[in-house]
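See below for my_file_10.cif, which holds mmCIF, C-alpha atoms.
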data_upload
#
loop_
_atom_site.label_atom_id
_atom_site.label_comp_id
_atom_site.auth_asym_id
_atom_site.auth_seq_id
_atom_site.Cartn_x
_atom_site.Cartn_y
_atom_site.Cartn_z
CA MET D 1 -1.74 7.04 77.39
CA ARG D 2 -1.28 10.04 79.64
CA ASP D 3 -4.47 9.42 81.60
CA VAL D 4 -3.68 5.78 82.41
CA ARG D 5 -1.57 5.44 85.53
CA PRO D 6 0.68 2.33 85.30
CA PRO D 7 1.46 0.18 88.34
CA ALA D 8 4.49 1.28 90.34
CA VAL D 9 4.99 -1.65 92.72
CA ALA D 10 3.51 -4.66 90.89
CA GLY D 11 5.97 -7.52 91.02
CA SER D 12 7.58 -6.28 94.22
CA TRP D 13 4.87 -5.35 96.71
CA TYR D 14 2.30 -7.71 95.21
CA PRO D 15 2.21 -10.31 92.40
CA ALA D 16 2.33 -8.91 88.87
CA THR D 17 0.20 -11.56 87.15
CA ARG D 18 -3.58 -11.87 87.23
CA ALA D 19 -3.54 -15.50 88.39
CA ARG D 20 -1.05 -15.05 91.23
CA LEU D 21 -2.57 -11.79 92.44
CA SER D 22 -6.10 -13.23 92.42
CA GLU D 23 -4.86 -16.24 94.36
CA ALA D 24 -3.13 -14.05 96.97
CA VAL D 25 -6.11 -11.73 97.47
CA ASP D 26 -8.54 -14.65 97.69
CA ALA D 27 -6.36 -16.38 100.29
CA HIS D 28 -6.33 -13.28 102.50
CA LEU D 29 -10.09 -12.85 102.14
CA ALA D 30 -10.70 -16.51 102.98
CA SER D 31 -8.80 -16.04 106.24
CA ALA D 32 -10.63 -12.84 107.20
CA ALA D 33 -13.65 -12.93 109.47
CA LEU D 34 -16.77 -11.98 107.52
CA ASP D 35 -19.69 -10.74 109.60
CA GLU D 36 -22.67 -11.31 107.33
CA ALA D 37 -24.94 -9.48 109.78
CA ASP D 38 -23.28 -6.15 109.08
CA ALA D 39 -24.66 -3.87 106.38
CA CYS D 40 -22.37 -2.57 103.65
CA PRO D 41 -20.02 0.03 105.15
CA ARG D 42 -19.93 3.70 104.16
CA ALA D 43 -16.18 3.76 104.68
CA ILE D 44 -13.26 1.53 105.54
CA ILE D 45 -9.69 2.05 106.72
CA ALA D 46 -7.03 -0.34 105.42
CA PRO D 47 -3.22 -0.50 105.50
CA HIS D 48 -0.97 -0.23 102.46
CA ALA D 49 2.23 -2.20 103.07
CA GLY D 50 3.35 -5.11 100.90
CA LEU D 51 0.48 -7.53 100.37
CA MET D 52 2.09 -10.36 102.31
CA TYR D 53 2.46 -8.12 105.37
CA SER D 54 -0.66 -5.97 105.48
CA GLY D 55 -2.94 -8.09 103.30
CA PRO D 56 -4.29 -10.18 106.21
CA VAL D 57 -5.41 -6.99 107.97
CA ALA D 58 -6.68 -5.15 104.88
CA ALA D 59 -8.75 -8.21 103.99
CA CYS D 60 -10.72 -7.83 107.23
CA ALA D 61 -12.00 -4.47 106.00
CA TYR D 62 -12.52 -5.47 102.38
CA ALA D 63 -14.35 -8.67 103.34
CA LEU D 64 -17.23 -6.43 104.43
CA VAL D 65 -17.76 -5.07 100.91
CA HIS D 66 -18.25 -8.58 99.56
CA ARG D 67 -21.61 -8.64 97.71
CA CYS D 68 -22.03 -4.86 98.20
CA ARG D 69 -22.95 -2.57 95.34
CA TYR D 70 -21.29 0.84 95.06
CA ALA D 71 -21.47 3.55 92.42
CA ALA D 72 -17.84 4.54 93.03
CA VAL D 73 -14.92 4.13 95.42
CA VAL D 74 -12.99 7.15 96.70
CA LEU D 75 -9.41 6.31 97.73
CA VAL D 76 -7.58 8.73 100.04
CA GLY D 77 -3.95 8.09 100.90
CA PRO D 78 -0.79 9.92 101.96
CA SER D 79 2.04 11.09 99.73
CA HIS D 80 5.26 9.33 100.75
CA PHE D 81 7.59 10.82 98.13
CA VAL D 82 6.32 14.25 97.01
CA GLY D 83 5.76 17.09 99.45
CA PHE D 84 3.06 19.63 98.58
CA GLN D 85 0.16 21.60 100.01
CA GLY D 86 -3.33 20.24 99.41
CA VAL D 87 -4.65 17.10 97.74
CA SER D 88 -3.71 15.68 94.34
CA ILE D 89 -6.51 14.07 92.34
CA TRP D 90 -6.27 11.76 89.34
CA PRO D 91 -9.40 13.08 87.63
CA ARG D 92 -9.88 10.94 84.53
CA GLY D 93 -8.77 7.85 82.64
CA ALA D 94 -7.88 4.68 84.53
CA TRP D 95 -5.37 2.97 86.79
CA ASP D 96 -3.86 -0.17 85.33
CA THR D 97 -3.55 -3.30 87.49
CA PRO D 98 -2.72 -6.98 86.88
CA LEU D 99 -6.46 -7.59 87.32
CA GLY D 100 -7.33 -5.13 84.56
CA ALA D 101 -7.74 -1.39 84.26
CA VAL D 102 -9.86 0.34 86.93
CA LYS D 103 -11.63 3.35 85.49
CA VAL D 104 -11.77 6.74 87.18
CA ALA D 105 -15.19 8.15 88.09
CA ASP D 106 -14.56 11.39 86.23
CA SER D 107 -17.89 13.04 87.07
CA LEU D 108 -17.37 12.53 90.82
CA ALA D 109 -13.74 13.65 90.47
CA GLY D 110 -14.92 16.82 88.72
CA ALA D 111 -17.45 17.47 91.48
CA LEU D 112 -14.69 17.20 94.07
CA VAL D 113 -12.41 19.62 92.23
CA ALA D 114 -15.30 22.07 92.04
CA GLU D 115 -15.78 21.89 95.81
CA SER D 116 -12.30 23.03 96.85
CA ARG D 117 -9.24 24.77 95.46
CA ASN D 118 -7.22 22.46 97.73
CA ILE D 119 -7.99 19.58 95.35
CA PHE D 120 -6.09 19.78 92.07
CA GLU D 121 -4.08 17.79 89.53
CA HIS D 122 -0.48 17.03 90.50
CA PRO D 123 0.43 13.86 88.56
CA ALA D 124 3.92 13.57 90.04
CA ALA D 125 2.39 12.85 93.44
CA HIS D 126 0.91 9.63 92.02
CA GLY D 127 3.93 8.39 90.07
CA ARG D 128 5.77 6.28 92.66
CA GLU D 129 3.07 6.37 95.32
CA HIS D 130 1.94 3.01 96.70
CA SER D 131 -0.68 4.06 99.26
CA LEU D 132 -3.55 3.96 96.78
CA GLU D 133 -2.13 1.28 94.52
CA MET D 134 -2.09 -1.23 97.40
CA GLN D 135 -5.87 -0.89 97.73
CA LEU D 136 -6.51 -1.78 94.09
CA PRO D 137 -5.98 -5.56 94.27
CA PHE D 138 -8.91 -5.75 96.69
CA VAL D 139 -11.03 -3.15 94.87
CA ALA D 140 -10.51 -4.74 91.47
CA ARG D 141 -11.14 -8.26 92.79
CA LEU D 142 -14.22 -7.53 94.91
CA LEU D 143 -15.79 -4.60 93.06
CA PRO D 144 -15.10 -5.23 89.36
CA GLY D 145 -16.30 -2.44 87.13
CA VAL D 146 -16.74 0.06 89.96
CA PRO D 147 -14.83 3.28 89.17
CA ILE D 148 -12.48 5.02 91.58
CA VAL D 149 -11.45 8.54 92.54
CA PRO D 150 -7.75 8.54 93.57
CA LEU D 151 -6.71 11.26 96.04
CA VAL D 152 -3.23 11.70 97.50
CA MET D 153 -2.80 14.12 100.41
CA GLY D 154 0.41 16.14 100.66
CA TYR D 155 1.27 17.81 103.97
CA GLN D 156 -1.27 16.41 106.41
CA GLN D 157 -2.28 19.63 108.09
CA ARG D 158 -5.54 20.11 109.99
CA ASP D 159 -7.04 22.49 107.44
CA THR D 160 -6.24 20.16 104.55
CA ALA D 161 -7.78 17.13 106.24
CA MET D 162 -10.91 18.98 107.39
CA VAL D 163 -11.50 20.77 104.08
CA LEU D 164 -11.16 17.49 102.19
CA GLY D 165 -13.61 15.77 104.51
CA ASP D 166 -16.19 18.52 103.97
CA ALA D 167 -15.64 18.53 100.20
CA LEU D 168 -16.05 14.76 100.03
CA ALA D 169 -19.35 14.91 101.89
CA ARG D 170 -20.75 17.64 99.65
CA ALA D 171 -19.56 16.11 96.37
CA ILE D 172 -20.78 12.61 97.26
CA THR D 173 -24.18 13.94 98.36
CA SER D 174 -24.57 15.66 95.00
CA TYR D 175 -23.25 12.64 93.07
CA ARG D 176 -25.71 10.27 94.73
CA THR D 177 -28.68 12.33 93.50
CA ARG D 178 -27.70 11.45 89.93
CA ASN D 179 -26.20 7.97 90.34
CA PRO D 180 -27.86 4.95 91.97
CA GLY D 181 -25.85 3.30 94.72
CA ASP D 182 -23.63 4.54 97.51
CA VAL D 183 -20.00 5.65 97.39
CA LEU D 184 -17.40 3.75 99.40
CA LEU D 185 -14.75 5.85 101.11
CA VAL D 186 -11.36 4.20 101.69
CA ALA D 187 -8.66 5.70 103.90
CA SER D 188 -5.25 4.15 103.29
CA SER D 189 -2.90 4.26 106.26
CA ASP D 190 -0.34 2.26 108.16
CA LEU D 191 0.20 3.14 111.81
CA SER D 192 3.46 3.54 113.76
CA HIS D 193 6.72 2.69 112.00
CA TYR D 194 9.87 0.87 113.14
CA GLU D 195 9.18 0.75 116.86
CA ASP D 196 9.35 -2.45 118.87
CA ALA D 197 5.97 -4.21 118.99
CA ALA D 198 5.15 -3.11 122.55
CA THR D 199 5.86 0.56 121.78
CA ALA D 200 3.96 0.34 118.52
CA SER D 201 0.93 -1.10 120.27
CA ARG D 202 1.01 1.70 122.83
CA LEU D 203 1.35 4.42 120.19
CA ASP D 204 -1.31 2.89 117.97
CA ALA D 205 -3.84 2.47 120.78
CA SER D 206 -4.93 6.12 120.59
CA VAL D 207 -5.59 5.88 116.84
CA VAL D 208 -7.58 2.70 117.40
CA ARG D 209 -9.58 4.42 120.15
CA TYR D 210 -10.45 7.54 118.15
CA VAL D 211 -11.34 5.59 115.02
CA GLY D 212 -13.58 3.28 117.02
CA ALA D 213 -15.31 6.33 118.48
CA LEU D 214 -15.77 7.90 115.01
CA ASP D 215 -13.97 10.94 116.40
CA ALA D 216 -12.21 12.80 113.59
CA ASP D 217 -11.42 15.82 115.75
CA GLY D 218 -9.92 13.72 118.53
CA LEU D 219 -7.81 11.80 116.03
CA MET D 220 -6.53 15.05 114.50
CA ASP D 221 -5.59 16.32 117.97
CA ALA D 222 -3.72 13.08 118.70
CA LEU D 223 -1.86 13.21 115.40
CA GLU D 224 -0.75 16.78 116.05
CA ARG D 225 0.58 15.77 119.46
CA GLU D 226 2.38 12.69 118.13
CA PRO D 227 2.89 12.44 114.35
CA ARG D 228 4.42 8.97 114.71
CA HIS D 229 0.93 7.55 115.20
CA ALA D 230 0.19 7.06 111.48
CA CYS D 231 1.57 7.81 108.03
CA GLY D 232 -1.96 8.34 106.68
CA GLY D 233 -3.48 10.14 109.62
CA GLY D 234 -4.78 13.03 107.52
CA PRO D 235 -6.63 10.72 105.10
CA MET D 236 -8.18 8.89 108.06
CA VAL D 237 -9.40 12.18 109.53
CA SER D 238 -10.90 13.22 106.19
CA VAL D 239 -12.72 9.93 105.71
CA LEU D 240 -14.03 9.83 109.29
CA ARG D 241 -15.29 13.41 108.94
CA ALA D 242 -16.94 12.78 105.57
CA ALA D 243 -18.51 9.49 106.66
CA ALA D 244 -20.10 11.16 109.69
CA GLN D 245 -21.52 13.97 107.55
CA LEU D 246 -22.92 11.39 105.13
CA GLY D 247 -24.87 9.70 107.90
CA GLY D 248 -22.33 7.38 109.48
CA THR D 249 -23.13 6.76 113.14
CA ARG D 250 -20.84 3.95 114.27
CA ALA D 251 -17.37 2.62 113.63
CA ARG D 252 -15.64 -0.63 114.50
CA VAL D 253 -11.98 -1.55 114.51
CA LEU D 254 -11.91 -4.98 112.92
CA ARG D 255 -8.30 -5.98 113.47
CA TYR D 256 -4.99 -4.64 114.72
CA ALA D 257 -1.67 -6.34 113.96
CA ASP D 258 1.92 -5.52 113.08
CA SER D 259 4.46 -6.63 110.50
CA GLY D 260 6.17 -8.84 113.05
CA ASP D 261 3.18 -11.17 112.98
CA VAL D 262 4.33 -12.14 109.48
CA SER D 263 8.10 -11.58 109.62
CA GLY D 264 8.61 -12.88 113.15
CA ASP D 265 10.73 -9.82 113.99
CA LYS D 266 9.05 -7.91 116.82
CA SER D 267 12.00 -5.56 117.41
CA SER D 268 11.04 -3.14 114.61
CA VAL D 269 7.50 -3.28 113.27
CA VAL D 270 4.87 -1.35 111.31
CA GLY D 271 1.39 -1.23 112.81
CA TYR D 272 -1.69 -2.11 110.76
CA MET D 273 -5.38 -1.52 111.42
CA ALA D 274 -8.59 -2.41 109.60
CA ALA D 275 -11.78 -0.52 110.45
CA ALA D 276 -15.22 0.17 109.04
CA ILE D 277 -17.83 2.91 109.42
CA TRP D 278 -21.59 2.44 108.93
#
What is this file in structure tokens?
Amino acid sequence: MRDVRPPAVAGSWYPATRARLSEAVDAHLASAALDEADACPRAIIAPHAGLMYSGPVAACAYALVHRCRYAAVVLVGPSHFVGFQGVSIWPRGAWDTPLGAVKVADSLAGALVAESRNIFEHPAAHGREHSLEMQLPFVARLLPGVPIVPLVMGYQQRDTAMVLGDALARAITSYRTRNPGDVLLVASSDLSHYEDAATASRLDASVVRYVGALDADGLMDALEREPRHACGGGPMVSVLRAAAQLGGTRARVLRYADSGDVSGDKSSVVGYMAAAIW
């Protein structure tokens, strides 16, 4: 079916069977610190590398949505393979996963498209893209039956990130008047790529600082000065901006790590961060 997006990296980046994927996700969640005192977050930031590498960090963010109830989940990630201006939305149908199909929240998707001409259908941007797909094992496992809105950002320019953040806030505000429950925002991003661990930690420190301060403008400034900071910097800016407009007042970085913590190779790593906004 044209409106069902098939998995692109199942069997390579994460297990392709329900049993093995459930086992892997549950193991990462069991190892993540779960702060029961925290309320359900408005937004989270999670990495999108192969599950064995970034799963331990992503689980620290997703552990906070355990037992939470959401009307929808909005996923915002970068485009790694297709260059374009604006934001590509998958507005209807479902995304298939080994844990079952995850439906698209078509009414919220339609509200977003109505908010900005920068948000439009561009199916090719989703074909090979893993940045959103790597969030789905956690979403499908922890929030079964909750629909998603998949958004892939092309060129991560300031105007694109800011306009998307504003559109998200307006569309979600309108959506919540007609649907009980909150909407979870998810920004998908890895941090610096292929630096040694010490350099990666130094580069990533500014992203960690601005996210922890809930400072979308400061993060955008830092990304413009040094694009190596993050592959999904634009999506992070959009989600931080939207979360603040929706009433978010505090953020916390839950964990920082790099791929070398799993591979043992600290000479060339990818940085990972988990964060939440309330």
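This file, queried with the PyMOL selection byres ((chain D and resi 174-188) around 7), gives the residues Arg42, Ala43, Ile44, Ile45, Ala46, Pro47, His48, Arg69, Tyr70, Ala71, Ala72, Val73, Val74, Leu75, Val76, Gly77, Leu108, Ser131, Leu132, Arg170, Ala171, Ile172, Thr173, Ser189, Gly232, Pro235, Met236 and Val239 of chain D.
Distances to D:Gln157 were evaluated for D:Ala105, D:Val237, D:Val262, D:Leu143 using all atoms listed in the file, and the minimum falls at D:Val237.
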Task: stretch 79-91 of chain D environment, 9 Å, all atoms listed in the file, sequence neighbours closer than 4 positions dropped, as an NGL selection string - done: :D and (3 or 5 or 104-110 or 112-113 or 117-126 or 128-131 or 149-157 or 160-161 or 164 or 231-232)
Step by step, gather every atom of stretch 72-76 of chain D that the file lists, find the box along x, y and z that holds them, add 5 Å on each side, and finally give centre and edge lengths in Å to one decimal, as lines of an AutoDock Vina configuration file.
center_x = -12.7
center_y = 6.4
center_z = 96.5
size_x = 20.3
size_y = 14.6
size_z = 17.0
- [ ] Just give me the gap between atom CA of D:Val270 and atom CA of D:Met220 in Å, one decimal is fine.
- [x]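 Separation of atom CA of D:Val270 and atom CA of D:Met220: 20.2 Å.
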Task: Pairwise distance for atom CA of D:Pro7 and atom CA of D:Asp96, rounded to one decimal in Å - done: 6.1 Å
Would you mind completing stretch 135-162 of chain D so that it carries N, CA and C atoms, and writing it out as a PDB file, in the coordinates of the input?
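Written output follows (result-v7.pdb):
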ATOM      1  N   GLN D 135      -4.434  -0.606  97.525  1.00  0.00           N
ATOM      2  CA  GLN D 135      -5.870  -0.890  97.730  1.00  0.00           C
ATOM      3  C   GLN D 135      -6.485  -1.551  96.495  1.00  0.00           C
ATOM      4  N   LEU D 136      -5.878  -1.363  95.337  1.00  0.00           N
ATOM      5  CA  LEU D 136      -6.510  -1.780  94.090  1.00  0.00           C
ATOM      6  C   LEU D 136      -6.640  -3.293  93.904  1.00  0.00           C
ATOM      7  N   PRO D 137      -5.718  -4.126  94.406  1.00  0.00           N
ATOM      8  CA  PRO D 137      -5.980  -5.560  94.270  1.00  0.00           C
ATOM      9  C   PRO D 137      -7.303  -5.987  94.898  1.00  0.00           C
ATOM     10  N   PHE D 138      -7.646  -5.407  96.046  1.00  0.00           N
ATOM     11  CA  PHE D 138      -8.910  -5.750  96.690  1.00  0.00           C
ATOM     12  C   PHE D 138     -10.093  -5.105  95.964  1.00  0.00           C
ATOM     13  N   VAL D 139      -9.940  -3.837  95.577  1.00  0.00           N
ATOM     14  CA  VAL D 139     -11.030  -3.150  94.870  1.00  0.00           C
ATOM     15  C   VAL D 139     -11.332  -3.841  93.548  1.00  0.00           C
ATOM     16  N   ALA D 140     -10.299  -4.126  92.777  1.00  0.00           N
ATOM     17  CA  ALA D 140     -10.510  -4.740  91.470  1.00  0.00           C
ATOM     18  C   ALA D 140     -11.071  -6.156  91.589  1.00  0.00           C
ATOM     19  N   ARG D 141     -10.674  -6.879  92.620  1.00  0.00           N
ATOM     20  CA  ARG D 141     -11.140  -8.260  92.790  1.00  0.00           C
ATOM     21  C   ARG D 141     -12.571  -8.319  93.301  1.00  0.00           C
ATOM     22  N   LEU D 142     -12.915  -7.452  94.264  1.00  0.00           N
ATOM     23  CA  LEU D 142     -14.220  -7.530  94.910  1.00  0.00           C
ATOM     24  C   LEU D 142     -15.279  -6.651  94.267  1.00  0.00           C
ATOM     25  N   LEU D 143     -14.850  -5.561  93.636  1.00  0.00           N
ATOM     26  CA  LEU D 143     -15.790  -4.600  93.060  1.00  0.00           C
ATOM     27  C   LEU D 143     -15.463  -4.358  91.590  1.00  0.00           C
ATOM     28  N   PRO D 144     -15.468  -5.398  90.774  1.00  0.00           N
ATOM     29  CA  PRO D 144     -15.100  -5.230  89.360  1.00  0.00           C
ATOM     30  C   PRO D 144     -16.068  -4.291  88.655  1.00  0.00           C
ATOM     31  N   GLY D 145     -15.489  -3.383  87.877  1.00  0.00           N
ATOM     32  CA  GLY D 145     -16.300  -2.440  87.130  1.00  0.00           C
ATOM     33  C   GLY D 145     -16.685  -1.192  87.877  1.00  0.00           C
ATOM     34  N   VAL D 146     -16.416  -1.126  89.178  1.00  0.00           N
ATOM     35  CA  VAL D 146     -16.740   0.060  89.960  1.00  0.00           C
ATOM     36  C   VAL D 146     -15.599   1.073  89.799  1.00  0.00           C
ATOM     37  N   PRO D 147     -15.895   2.300  89.390  1.00  0.00           N
ATOM     38  CA  PRO D 147     -14.830   3.280  89.170  1.00  0.00           C
ATOM     39  C   PRO D 147     -14.319   3.872  90.471  1.00  0.00           C
ATOM     40  N   ILE D 148     -13.150   4.470  90.401  1.00  0.00           N
ATOM     41  CA  ILE D 148     -12.480   5.020  91.580  1.00  0.00           C
ATOM     42  C   ILE D 148     -12.224   6.515  91.403  1.00  0.00           C
ATOM     43  N   VAL D 149     -11.985   7.177  92.528  1.00  0.00           N
ATOM     44  CA  VAL D 149     -11.450   8.540  92.540  1.00  0.00           C
ATOM     45  C   VAL D 149     -10.190   8.511  93.399  1.00  0.00           C
ATOM     46  N   PRO D 150      -8.991   8.589  92.803  1.00  0.00           N
ATOM     47  CA  PRO D 150      -7.750   8.540  93.570  1.00  0.00           C
ATOM     48  C   PRO D 150      -7.342   9.926  94.081  1.00  0.00           C
ATOM     49  N   LEU D 151      -7.100  10.006  95.388  1.00  0.00           N
ATOM     50  CA  LEU D 151      -6.710  11.260  96.040  1.00  0.00           C
ATOM     51  C   LEU D 151      -5.493  11.009  96.924  1.00  0.00           C
ATOM     52  N   VAL D 152      -4.433  11.779  96.692  1.00  0.00           N
ATOM     53  CA  VAL D 152      -3.230  11.700  97.500  1.00  0.00           C
ATOM     54  C   VAL D 152      -3.052  13.012  98.255  1.00  0.00           C
ATOM     55  N   MET D 153      -2.946  12.929  99.573  1.00  0.00           N
ATOM     56  CA  MET D 153      -2.800  14.120 100.410  1.00  0.00           C
ATOM     57  C   MET D 153      -1.323  14.433 100.618  1.00  0.00           C
ATOM     58  N   GLY D 154      -0.961  15.711 100.426  1.00  0.00           N
ATOM     59  CA  GLY D 154       0.410  16.140 100.660  1.00  0.00           C
ATOM     60  C   GLY D 154       0.663  16.338 102.144  1.00  0.00           C
ATOM     61  N   TYR D 155       1.039  17.547 102.546  1.00  0.00           N
ATOM     62  CA  TYR D 155       1.270  17.810 103.970  1.00  0.00           C
ATOM     63  C   TYR D 155      -0.047  17.640 104.714  1.00  0.00           C
ATOM     64  N   GLN D 156      -0.029  16.816 105.744  1.00  0.00           N
ATOM     65  CA  GLN D 156      -1.270  16.410 106.410  1.00  0.00           C
ATOM     66  C   GLN D 156      -1.628  17.381 107.534  1.00  0.00           C
ATOM     67  N   GLN D 157      -1.913  18.582 107.142  1.00  0.00           N
ATOM     68  CA  GLN D 157      -2.280  19.630 108.090  1.00  0.00           C
ATOM     69  C   GLN D 157      -3.770  19.569 108.407  1.00  0.00           C
ATOM     70  N   ARG D 158      -4.143  20.132 109.545  1.00  0.00           N
ATOM     71  CA  ARG D 158      -5.540  20.110 109.990  1.00  0.00           C
ATOM     72  C   ARG D 158      -6.477  20.686 108.933  1.00  0.00           C
ATOM     73  N   ASP D 159      -6.144  21.857 108.411  1.00  0.00           N
ATOM     74  CA  ASP D 159      -7.040  22.490 107.440  1.00  0.00           C
ATOM     75  C   ASP D 159      -7.225  21.619 106.206  1.00  0.00           C
ATOM     76  N   THR D 160      -6.146  21.020 105.739  1.00  0.00           N
ATOM     77  CA  THR D 160      -6.240  20.160 104.550  1.00  0.00           C
ATOM     78  C   THR D 160      -7.159  18.979 104.797  1.00  0.00           C
ATOM     79  N   ALA D 161      -6.976  18.311 105.930  1.00  0.00           N
ATOM     80  CA  ALA D 161      -7.780  17.130 106.240  1.00  0.00           C
ATOM     81  C   ALA D 161      -9.254  17.494 106.417  1.00  0.00           C
ATOM     82  N   MET D 162      -9.525  18.592 107.128  1.00  0.00           N
ATOM     83  CA  MET D 162     -10.910  18.980 107.390  1.00  0.00           C
ATOM     84  C   MET D 162     -11.605  19.459 106.111  1.00  0.00           C
TER      85      MET D 162
END
